[in-house]
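> One file: start23.pdb (PDB, C-alpha atoms and all ligand atoms).
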ATOM      1  CA  LEU A   1      13.185 -26.499  21.482  1.00  0.00           C
ATOM      2  CA  GLU A   2      10.217 -28.502  20.300  1.00  0.00           C
ATOM      3  CA  PRO A   3       9.440 -27.734  16.673  1.00  0.00           C
ATOM      4  CA  LYS A   4       5.956 -26.663  17.743  1.00  0.00           C
ATOM      5  CA  GLU A   5       7.307 -24.260  20.339  1.00  0.00           C
ATOM      6  CA  GLU A   6       9.794 -22.865  17.872  1.00  0.00           C
ATOM      7  CA  PHE A   7       6.975 -22.240  15.436  1.00  0.00           C
ATOM      8  CA  SER A   8       4.928 -20.336  17.995  1.00  0.00           C
ATOM      9  CA  HIS A   9       7.842 -17.894  18.434  1.00  0.00           C
ATOM     10  CA  LYS A  10       8.154 -17.132  14.763  1.00  0.00           C
ATOM     11  CA  THR A  11       7.513 -13.555  13.757  1.00  0.00           C
ATOM     12  CA  LEU A  12       4.728 -13.306  11.199  1.00  0.00           C
ATOM     13  CA  ALA A  13       3.895 -10.681   8.582  1.00  0.00           C
ATOM     14  CA  MET A  14       1.072  -9.431  10.840  1.00  0.00           C
ATOM     15  CA  ASP A  15       3.642  -8.596  13.566  1.00  0.00           C
ATOM     16  CA  VAL A  16       5.697  -6.365  11.263  1.00  0.00           C
ATOM     17  CA  MET A  17       3.082  -4.803   8.966  1.00  0.00           C
ATOM     18  CA  ARG A  18       1.651  -1.306   9.434  1.00  0.00           C
ATOM     19  CA  PRO A  19      -0.667   0.004  10.693  1.00  0.00           C
ATOM     20  CA  ARG A  20      -0.096  -1.241  14.250  1.00  0.00           C
ATOM     21  CA  ARG A  21      -3.171  -1.712  16.388  1.00  0.00           C
ATOM     22  CA  SER A  22      -2.865   1.819  17.805  1.00  0.00           C
ATOM     23  CA  ASP A  23      -2.093   3.493  14.452  1.00  0.00           C
ATOM     24  CA  PRO A  24      -4.626   5.226  12.223  1.00  0.00           C
ATOM     25  CA  PRO A  25      -5.968   2.900   9.500  1.00  0.00           C
ATOM     26  CA  LEU A  26      -4.098   2.217   6.269  1.00  0.00           C
ATOM     27  CA  SER A  27      -4.377   5.133   3.816  1.00  0.00           C
ATOM     28  CA  VAL A  28      -6.042   3.723   0.721  1.00  0.00           C
ATOM     29  CA  ILE A  29      -7.557   5.073  -2.480  1.00  0.00           C
ATOM     30  CA  THR A  30     -10.880   3.712  -3.750  1.00  0.00           C
ATOM     31  CA  GLN A  31     -10.960   2.723  -7.419  1.00  0.00           C
ATOM     32  CA  ASP A  32     -13.861   4.981  -8.416  1.00  0.00           C
ATOM     33  CA  GLY A  33     -15.003   6.869  -5.343  1.00  0.00           C
ATOM     34  CA  MET A  34     -12.649   9.833  -4.983  1.00  0.00           C
ATOM     35  CA  SER A  35     -12.343  13.282  -6.512  1.00  0.00           C
ATOM     36  CA  VAL A  36      -9.133  15.032  -7.539  1.00  0.00           C
ATOM     37  CA  GLU A  37      -9.546  17.139  -4.405  1.00  0.00           C
ATOM     38  CA  ASP A  38      -9.889  14.034  -2.156  1.00  0.00           C
ATOM     39  CA  VAL A  39      -6.678  12.544  -3.514  1.00  0.00           C
ATOM     40  CA  GLU A  40      -4.823  15.856  -3.279  1.00  0.00           C
ATOM     41  CA  SER A  41      -5.808  16.068   0.422  1.00  0.00           C
ATOM     42  CA  LEU A  42      -4.617  12.520   1.012  1.00  0.00           C
ATOM     43  CA  ILE A  43      -1.281  13.406  -0.592  1.00  0.00           C
ATOM     44  CA  ALA A  44      -1.000  16.609   1.462  1.00  0.00           C
ATOM     45  CA  GLU A  45      -1.901  14.940   4.766  1.00  0.00           C
ATOM     46  CA  THR A  46       0.380  11.909   4.472  1.00  0.00           C
ATOM     47  CA  SER A  47       3.963  11.287   3.433  1.00  0.00           C
ATOM     48  CA  TYR A  48       3.675   7.645   2.352  1.00  0.00           C
ATOM     49  CA  SER A  49       5.509   6.617  -0.811  1.00  0.00           C
ATOM     50  CA  GLY A  50       2.413   4.915  -2.154  1.00  0.00           C
ATOM     51  CA  PHE A  51      -1.200   3.895  -1.666  1.00  0.00           C
ATOM     52  CA  PRO A  52      -3.061   0.651  -2.155  1.00  0.00           C
ATOM     53  CA  VAL A  53      -6.104   1.012  -4.429  1.00  0.00           C
ATOM     54  CA  VAL A  54      -9.183  -0.892  -3.221  1.00  0.00           C
ATOM     55  CA  VAL A  55     -12.639  -1.624  -4.631  1.00  0.00           C
ATOM     56  CA  SER A  56     -14.290   0.134  -1.671  1.00  0.00           C
ATOM     57  CA  HIS A  57     -13.609   0.955   1.970  1.00  0.00           C
ATOM     58  CA  GLU A  58     -16.195  -1.676   2.979  1.00  0.00           C
ATOM     59  CA  SER A  59     -14.741  -4.531   0.912  1.00  0.00           C
ATOM     60  CA  GLN A  60     -11.028  -3.671   1.275  1.00  0.00           C
ATOM     61  CA  ARG A  61     -10.495  -5.771  -1.874  1.00  0.00           C
ATOM     62  CA  LEU A  62      -7.133  -4.949  -3.392  1.00  0.00           C
ATOM     63  CA  VAL A  63      -7.099  -3.615  -6.966  1.00  0.00           C
ATOM     64  CA  GLY A  64      -3.516  -2.359  -7.238  1.00  0.00           C
ATOM     65  CA  PHE A  65      -0.870  -0.030  -5.866  1.00  0.00           C
ATOM     66  CA  VAL A  66      -0.051   3.499  -6.928  1.00  0.00           C
ATOM     67  CA  GLN A  67       3.170   5.387  -6.205  1.00  0.00           C
ATOM     68  CA  ARG A  68       2.796   8.796  -4.603  1.00  0.00           C
ATOM     69  CA  ARG A  69       5.018  10.533  -7.169  1.00  0.00           C
ATOM     70  CA  ASP A  70       3.071   9.113 -10.131  1.00  0.00           C
ATOM     71  CA  LEU A  71      -0.160  10.404  -8.582  1.00  0.00           C
ATOM     72  CA  VAL A  72       1.330  13.856  -8.004  1.00  0.00           C
ATOM     73  CA  ILE A  73       2.687  14.122 -11.548  1.00  0.00           C
ATOM     74  CA  SER A  74      -0.494  12.806 -13.201  1.00  0.00           C
ATOM     75  CA  ILE A  75      -2.802  15.146 -11.289  1.00  0.00           C
ATOM     76  CA  GLU A  76      -0.543  18.132 -11.956  1.00  0.00           C
ATOM     77  CA  ASN A  77      -0.392  17.299 -15.671  1.00  0.00           C
ATOM     78  CA  ALA A  78      -4.138  16.762 -15.899  1.00  0.00           C
ATOM     79  CA  ARG A  79      -4.908  20.055 -14.174  1.00  0.00           C
ATOM     80  CA  GLN A  80      -2.592  21.884 -16.570  1.00  0.00           C
ATOM     81  CA  ARG A  81      -3.304  20.137 -19.826  1.00  0.00           C
ATOM     82  CA  GLN A  82      -6.441  18.064 -19.713  1.00  0.00           C
ATOM     83  CA  GLU A  83      -9.455  19.986 -20.831  1.00  0.00           C
ATOM     84  CA  GLY A  84     -11.745  20.614 -17.890  1.00  0.00           C
ATOM     85  CA  VAL A  85     -10.108  18.509 -15.119  1.00  0.00           C
ATOM     86  CA  VAL A  86     -10.811  20.342 -11.844  1.00  0.00           C
ATOM     87  CA  SER A  87     -10.961  19.626  -8.079  1.00  0.00           C
ATOM     88  CA  ALA A  88     -14.400  18.036  -8.379  1.00  0.00           C
ATOM     89  CA  SER A  89     -13.403  15.649 -11.205  1.00  0.00           C
ATOM     90  CA  ARG A  90     -13.811  11.997 -10.239  1.00  0.00           C
ATOM     91  CA  ILE A  91     -10.698   9.808 -10.425  1.00  0.00           C
ATOM     92  CA  PHE A  92     -11.099   6.342 -11.927  1.00  0.00           C
ATOM     93  CA  PHE A  93      -8.710   3.408 -11.637  1.00  0.00           C
ATOM     94  CA  THR A  94     -11.293   1.114 -13.252  1.00  0.00           C
ATOM     95  CA  GLU A  95     -11.030  -0.217 -16.795  1.00  0.00           C
ATOM     96  CA  TYR A  96     -14.250   1.441 -17.895  1.00  0.00           C
ATOM     97  CA  THR A  97     -15.493   4.829 -16.842  1.00  0.00           C
ATOM     98  CA  PRO A  98     -19.269   5.051 -16.431  1.00  0.00           C
ATOM     99  CA  PRO A  99     -21.008   7.980 -18.118  1.00  0.00           C
ATOM    100  CA  GLN A 100     -20.762  11.008 -15.852  1.00  0.00           C
ATOM    101  CA  PRO A 101     -23.892  12.758 -14.640  1.00  0.00           C
ATOM    102  CA  PRO A 102     -24.799  15.835 -16.675  1.00  0.00           C
ATOM    103  CA  ASN A 103     -22.945  19.026 -15.749  1.00  0.00           C
ATOM    104  CA  SER A 104     -20.183  17.145 -13.907  1.00  0.00           C
ATOM    105  CA  PRO A 105     -16.555  17.869 -14.844  1.00  0.00           C
ATOM    106  CA  PRO A 106     -14.692  15.351 -17.006  1.00  0.00           C
ATOM    107  CA  PRO A 107     -13.227  12.397 -15.083  1.00  0.00           C
ATOM    108  CA  LEU A 108      -9.538  11.655 -14.696  1.00  0.00           C
ATOM    109  CA  LYS A 109      -8.541   8.120 -15.686  1.00  0.00           C
ATOM    110  CA  LEU A 110      -5.481   6.875 -13.822  1.00  0.00           C
ATOM    111  CA  ARG A 111      -5.517   3.110 -14.360  1.00  0.00           C
ATOM    112  CA  GLY A 112      -2.341   3.484 -16.412  1.00  0.00           C
ATOM    113  CA  ILE A 113      -0.193   4.546 -13.448  1.00  0.00           C
ATOM    114  CA  MET A 114      -1.365   1.707 -11.182  1.00  0.00           C
ATOM    115  CA  ASP A 115       0.655  -1.459 -10.546  1.00  0.00           C
ATOM    116  CA  LEU A 116      -2.030  -4.078 -11.224  1.00  0.00           C
ATOM    117  CA  SER A 117      -0.258  -6.901  -9.421  1.00  0.00           C
ATOM    118  CA  PRO A 118       1.500  -5.595  -6.334  1.00  0.00           C
ATOM    119  CA  PHE A 119       3.218  -8.297  -4.315  1.00  0.00           C
ATOM    120  CA  THR A 120       1.067  -9.603  -1.468  1.00  0.00           C
ATOM    121  CA  VAL A 121       1.479 -12.097   1.375  1.00  0.00           C
ATOM    122  CA  THR A 122      -1.073 -13.285   3.922  1.00  0.00           C
ATOM    123  CA  ASP A 123      -0.886 -12.085   7.513  1.00  0.00           C
ATOM    124  CA  HIS A 124       0.262 -15.553   8.660  1.00  0.00           C
ATOM    125  CA  THR A 125       3.324 -15.683   6.393  1.00  0.00           C
ATOM    126  CA  ALA A 126       6.519 -16.155   8.420  1.00  0.00           C
ATOM    127  CA  MET A 127       8.797 -13.115   8.329  1.00  0.00           C
ATOM    128  CA  ASP A 128      11.864 -15.118   7.293  1.00  0.00           C
ATOM    129  CA  ILE A 129       9.992 -15.978   4.095  1.00  0.00           C
ATOM    130  CA  VAL A 130       8.945 -12.334   3.619  1.00  0.00           C
ATOM    131  CA  VAL A 131      12.570 -11.188   4.092  1.00  0.00           C
ATOM    132  CA  ASP A 132      13.683 -13.771   1.554  1.00  0.00           C
ATOM    133  CA  ILE A 133      11.102 -12.558  -0.989  1.00  0.00           C
ATOM    134  CA  PHE A 134      12.139  -8.919  -0.470  1.00  0.00           C
ATOM    135  CA  ARG A 135      15.762  -9.845  -1.086  1.00  0.00           C
ATOM    136  CA  LYS A 136      15.167 -12.078  -4.071  1.00  0.00           C
ATOM    137  CA  LEU A 137      12.631  -9.878  -5.828  1.00  0.00           C
ATOM    138  CA  GLY A 138      14.111  -6.528  -4.784  1.00  0.00           C
ATOM    139  CA  LEU A 139      10.734  -5.341  -3.486  1.00  0.00           C
ATOM    140  CA  ARG A 140      10.135  -1.851  -2.128  1.00  0.00           C
ATOM    141  CA  GLN A 141       6.872  -2.793  -0.433  1.00  0.00           C
ATOM    142  CA  CYS A 142       4.569  -5.722   0.004  1.00  0.00           C
ATOM    143  CA  LEU A 143       0.877  -5.743   0.909  1.00  0.00           C
ATOM    144  CA  VAL A 144      -0.612  -7.985   3.582  1.00  0.00           C
ATOM    145  CA  THR A 145      -4.038  -9.588   3.197  1.00  0.00           C
ATOM    146  CA  HIS A 146      -6.343 -11.898   5.136  1.00  0.00           C
ATOM    147  CA  ASN A 147      -9.016 -13.833   3.230  1.00  0.00           C
ATOM    148  CA  GLY A 148      -8.544 -11.452   0.310  1.00  0.00           C
ATOM    149  CA  ARG A 149      -9.065  -8.336   2.429  1.00  0.00           C
ATOM    150  CA  LEU A 150      -6.266  -5.791   2.574  1.00  0.00           C
ATOM    151  CA  LEU A 151      -4.881  -5.511   6.116  1.00  0.00           C
ATOM    152  CA  GLY A 152      -1.558  -3.696   5.904  1.00  0.00           C
ATOM    153  CA  ILE A 153       1.734  -2.914   4.248  1.00  0.00           C
ATOM    154  CA  ILE A 154       5.384  -3.790   4.855  1.00  0.00           C
ATOM    155  CA  THR A 155       8.049  -1.537   3.326  1.00  0.00           C
ATOM    156  CA  LYS A 156      11.727  -2.263   2.786  1.00  0.00           C
ATOM    157  CA  LYS A 157      12.500   0.047   5.727  1.00  0.00           C
ATOM    158  CA  ASP A 158      10.038  -1.862   7.955  1.00  0.00           C
ATOM    159  CA  ILE A 159      11.976  -5.015   7.056  1.00  0.00           C
ATOM    160  CA  LEU A 160      15.334  -3.412   7.883  1.00  0.00           C
ATOM    161  CA  LYS A 161      13.997  -2.192  11.259  1.00  0.00           C
ATOM    162  CA  HIS A 162      12.605  -5.630  11.994  1.00  0.00           C
ATOM    163  CA  MET A 163      15.951  -7.247  11.159  1.00  0.00           C
ATOM    164  CA  ALA A 164      17.816  -4.787  13.403  1.00  0.00           C
ATOM    165  CA  GLN A 165      15.417  -5.626  16.256  1.00  0.00           C
ATOM    166  CA  MET A 166      15.894  -9.351  15.754  1.00  0.00           C
ATOM    167  CA  ALA A 167      19.668  -8.906  15.758  1.00  0.00           C
ATOM    168  CA  ASN A 168      19.476  -7.000  19.053  1.00  0.00           C
ATOM    169  CA  ARG A 169      17.312  -9.626  20.678  1.00  0.00           C
ATOM    170  CA  ASP A 170      19.329 -12.542  19.372  1.00  0.00           C
ATOM    171  CA  PRO A 171      22.860 -11.544  18.290  1.00  0.00           C
ATOM    172  CA  ASP A 172      23.615 -15.076  17.128  1.00  0.00           C
ATOM    173  CA  SER A 173      20.691 -15.169  14.763  1.00  0.00           C
ATOM    174  CA  ILE A 174      21.416 -15.831  11.130  1.00  0.00           C
ATOM    175  CA  LEU A 175      19.940 -12.465  10.202  1.00  0.00           C
ATOM    176  CA  PHE A 176      22.860 -10.779  11.926  1.00  0.00           C
ATOM    177  CA  ASN A 177      25.461 -12.412   9.721  1.00  0.00           C
TER     178      ASN A 177
HETATM  179  P1  LIG B 201       9.459   4.003   4.346  1.00  0.00           P
HETATM  180  O1  LIG B 201       9.125   2.779   5.135  1.00  0.00           O
HETATM  181  O2  LIG B 201      10.555   3.787   3.374  1.00  0.00           O
HETATM  182  O3  LIG B 201       9.618   5.241   5.199  1.00  0.00           O
HETATM  183  P2  LIG B 201       6.850   5.038   3.570  1.00  0.00           P
HETATM  184  O4  LIG B 201       7.097   6.495   3.795  1.00  0.00           O
HETATM  185  O5  LIG B 201       5.982   4.669   2.397  1.00  0.00           O
HETATM  186  O6  LIG B 201       8.192   4.251   3.352  1.00  0.00           O
HETATM  187  O7  LIG B 201       6.190   4.416   4.871  1.00  0.00           O
HETATM  188  C1  LIG B 201       6.403   4.903   6.175  1.00  0.00           C
HETATM  189  C2  LIG B 201       5.702   3.966   7.152  1.00  0.00           C
HETATM  190  O8  LIG B 201       4.285   3.996   6.931  1.00  0.00           O
HETATM  191  C3  LIG B 201       6.109   2.509   7.032  1.00  0.00           C
HETATM  192  O9  LIG B 201       6.197   1.943   8.322  1.00  0.00           O
HETATM  193  C4  LIG B 201       5.005   1.858   6.221  1.00  0.00           C
HETATM  194  O10 LIG B 201       4.759   0.517   6.610  1.00  0.00           O
HETATM  195  C5  LIG B 201       3.798   2.729   6.521  1.00  0.00           C
HETATM  196  N1  LIG B 201       2.961   2.952   5.313  1.00  0.00           N
HETATM  197  C6  LIG B 201       3.361   2.990   4.017  1.00  0.00           C
HETATM  198  N2  LIG B 201       2.339   3.260   3.187  1.00  0.00           N
HETATM  199  C7  LIG B 201       1.235   3.399   3.982  1.00  0.00           C
HETATM  200  C8  LIG B 201      -0.156   3.695   3.731  1.00  0.00           C
HETATM  201  N3  LIG B 201      -0.619   3.910   2.488  1.00  0.00           N
HETATM  202  N4  LIG B 201      -0.985   3.757   4.813  1.00  0.00           N
HETATM  203  C9  LIG B 201      -0.522   3.550   6.055  1.00  0.00           C
HETATM  204  N5  LIG B 201       0.758   3.262   6.355  1.00  0.00           N
HETATM  205  C10 LIG B 201       1.639   3.192   5.343  1.00  0.00           C
END
What is this file in structure tokens?

Amino acid sequence: LEPKEEFSHKTLAMDVMRPRRSDPPLSVITQDGMSVEDVESLIAETSYSGFPVVVSHESQRLVGFVQRRDLVISIENARQRQEGVVSASRIFFTEYTPPQPPNSPPPLKLRGIMDLSPFTVTDHTAMDIVVDIFRKLGLRQCLVTHNGRLLGIITKKDILKHMAQMANRDPDSILFN
């Protein structure tokens, strides 16, 4: 094979990441635009282990990553113990919380449970490099970006499925060994 041809056959992060073209969009949380109720619905309607936090839906700029179980525990705790936190309370992942409009319930600050530097690769990163990074860093998930915009996610299970597919297609491949 010509090196160029070989390169064109390489699987890239964009080929393995979710969502696929036909899937619903990535489930994200905005850093200052959601209420307790909004996040509780997102948790109830999905089963993902975690959610990327973005500046806004329009920008899709990545701010961090929050684990589902940390969200669940923090919201439960806040509802039980934190004076006045209710369904309509705004959730903030930002460093500073702007003054709330009069008569609005107290906000819930969750920056502390967010991973501020989740691992990211660009959509054009070759999958053999991504697999290597997962192995070496023991990652559970990795986010995929293009020009700084969040595009998708690759979990450890996505990687394992991808490797099983590669092994099926090419039993002699190094990934099989
Ligand atoms: P696992 O891959 O271990 O089952 P998840 O339950 O988090 O972990 O993810 C299930 C599938 O959904 C995976 O294919 C993953 O790429 C995708 N996924 C994970 N998180 C999200 C999310 N926030 N929005 C959309 N898809 C996601």
> When the cut-off is 8 Å and you count all atoms listed in the file, which residues lie near ligand LIG 201 (chain B), shown as a JSON list (two decimals) with C-alpha atoms, keeping the file's coordinate frame?

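part-v7.json, freshly written:
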[["chain", "number", "residue", "atom", "x", "y", "z"],
["A", 17, "MET", "CA", 3.08, -4.80, 8.97],
["A", 18, "ARG", "CA", 1.65, -1.31, 9.43],
["A", 19, "PRO", "CA", -0.67, 0.00, 10.69],
["A", 24, "PRO", "CA", -4.63, 5.23, 12.22],
["A", 25, "PRO", "CA", -5.97, 2.90, 9.50],
["A", 26, "LEU", "CA", -4.10, 2.22, 6.27],
["A", 27, "SER", "CA", -4.38, 5.13, 3.82],
["A", 28, "VAL", "CA", -6.04, 3.72, 0.72],
["A", 47, "SER", "CA", 3.96, 11.29, 3.43],
["A", 48, "TYR", "CA", 3.68, 7.64, 2.35],
["A", 49, "SER", "CA", 5.51, 6.62, -0.81],
["A", 50, "GLY", "CA", 2.41, 4.92, -2.15],
["A", 51, "PHE", "CA", -1.20, 3.90, -1.67],
["A", 52, "PRO", "CA", -3.06, 0.65, -2.15],
["A", 140, "ARG", "CA", 10.14, -1.85, -2.13],
["A", 152, "GLY", "CA", -1.56, -3.70, 5.90],
["A", 153, "ILE", "CA", 1.73, -2.91, 4.25],
["A", 154, "ILE", "CA", 5.38, -3.79, 4.86],
["A", 155, "THR", "CA", 8.05, -1.54, 3.33],
["A", 156, "LYS", "CA", 11.73, -2.26, 2.79],
["A", 157, "LYS", "CA", 12.50, 0.05, 5.73],
["A", 158, "ASP", "CA", 10.04, -1.86, 7.96]]
> Set the distance at 6 Å and use all atoms listed in the file: which residues neighbour Thr122 of chain A once local chain neighbours fewer than 2 positions away are removed? I'd like the list as a list of chain:residue names.
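Those residues are A:His124, A:Thr125, A:Val144, A:Thr145, A:His146.
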> Print the selection's residues with C-alpha atoms to a file, as a JSON list (two decimals), in the coordinates of the input.

[["chain", "number", "residue", "atom", "x", "y", "z"],
["A", 124, "HIS", "CA", 0.26, -15.55, 8.66],
["A", 125, "THR", "CA", 3.32, -15.68, 6.39],
["A", 144, "VAL", "CA", -0.61, -7.98, 3.58],
["A", 145, "THR", "CA", -4.04, -9.59, 3.20],
["A", 146, "HIS", "CA", -6.34, -11.90, 5.14]]
> Which is closer to Thr97 of chain A than all the others in A:Asp32, A:Ala126, A:Met114, A:Leu150, using all atoms listed in the file?
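Using all atoms listed in the file, the shortest distance to Thr97 of chain A belongs to A:Asp32.
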> Using all atoms listed in the file, which residue out of A:Gln67, A:Thr120, A:Phe93, A:Ser35 lies closest to Val55 of chain A?
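For Val55 of chain A, the nearest of the given residues is A:Phe93.
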> Leaving out segment 71-84 of chain A and any residue of its chain fewer than 2 positions from it, which residues lie within 7 Å of it when counting only C-alpha atoms, given as a list of chain:residue names?
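Close residues of segment 71-84 of chain A: A:Gln67, A:Arg68, A:Arg69, A:Val86, A:Pro105, A:Pro106.
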> Using all atoms listed in the file, which protein or nucleic acid residues come within 10 Å of Ile91 of chain A? Drop anything in the same chain fewer than 5 positions from it, and give the result as a PyMOL selection string.
chain A and resi 29-39+75+85+97+106-111
> Which polymer residues have any atom within 7 Å of an atom of Leu116 of chain A, counting only C-alpha atoms, with same-chain residues fewer than 3 positions away left out, as an NGL selection string?
:A and (63-65)
> With distances taken over only C-alpha atoms, which residue among A:Ser56, A:Thr46, A:Ser117, A:Gln165 lies nearest Cys142 of chain A?
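Of all the options, A:Ser117 lies closest to Cys142 of chain A.
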> Using only C-alpha atoms, can you tell me which of A:Val130, A:Ala88, A:Ile113, A:Leu160 comes closest to Leu143 of chain A?
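Checking each of A:Val130, A:Ala88, A:Ile113, A:Leu160 against Leu143 of chain A, counting only C-alpha atoms, the winner is A:Val130.
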> So how many Å separate atom CA of Pro102 of chain A and atom CA of Glu58 of chain A, to one decimal?
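We find that atom CA of Pro102 of chain A and atom CA of Glu58 of chain A lie 27.7 Å from each other.
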> Using Å and a single decimal, report how far atom CA of Leu42 of chain A sits from atom CA of Val66 of chain A.
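These two atoms are separated by 12.9 Å.
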> As lines of an AutoDock Vina configuration file, please: the centre and edge lengths in Å, to one decimal, of an axis-aligned box enclosing every listed atom of segment 25-32 of chain A with 8 Å added on each side.

center_x = -9.0
center_y = 3.7
center_z = 0.5
size_x = 25.8
size_y = 18.9
size_z = 33.9
> With only C-alpha atoms as the basis for distance, which of A:Ser41, A:Met163, A:Val54, A:Asp70 is at the shortest distance from Asp128 of chain A?
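Under the stated criterion, the closest residue is A:Met163.
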> So what do you get for atom CA of Lys10 of chain A versus atom CA of Leu151 of chain A, distance-wise?
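Taking atom CA of Lys10 of chain A and atom CA of Leu151 of chain A, their separation equals 19.5 Å.
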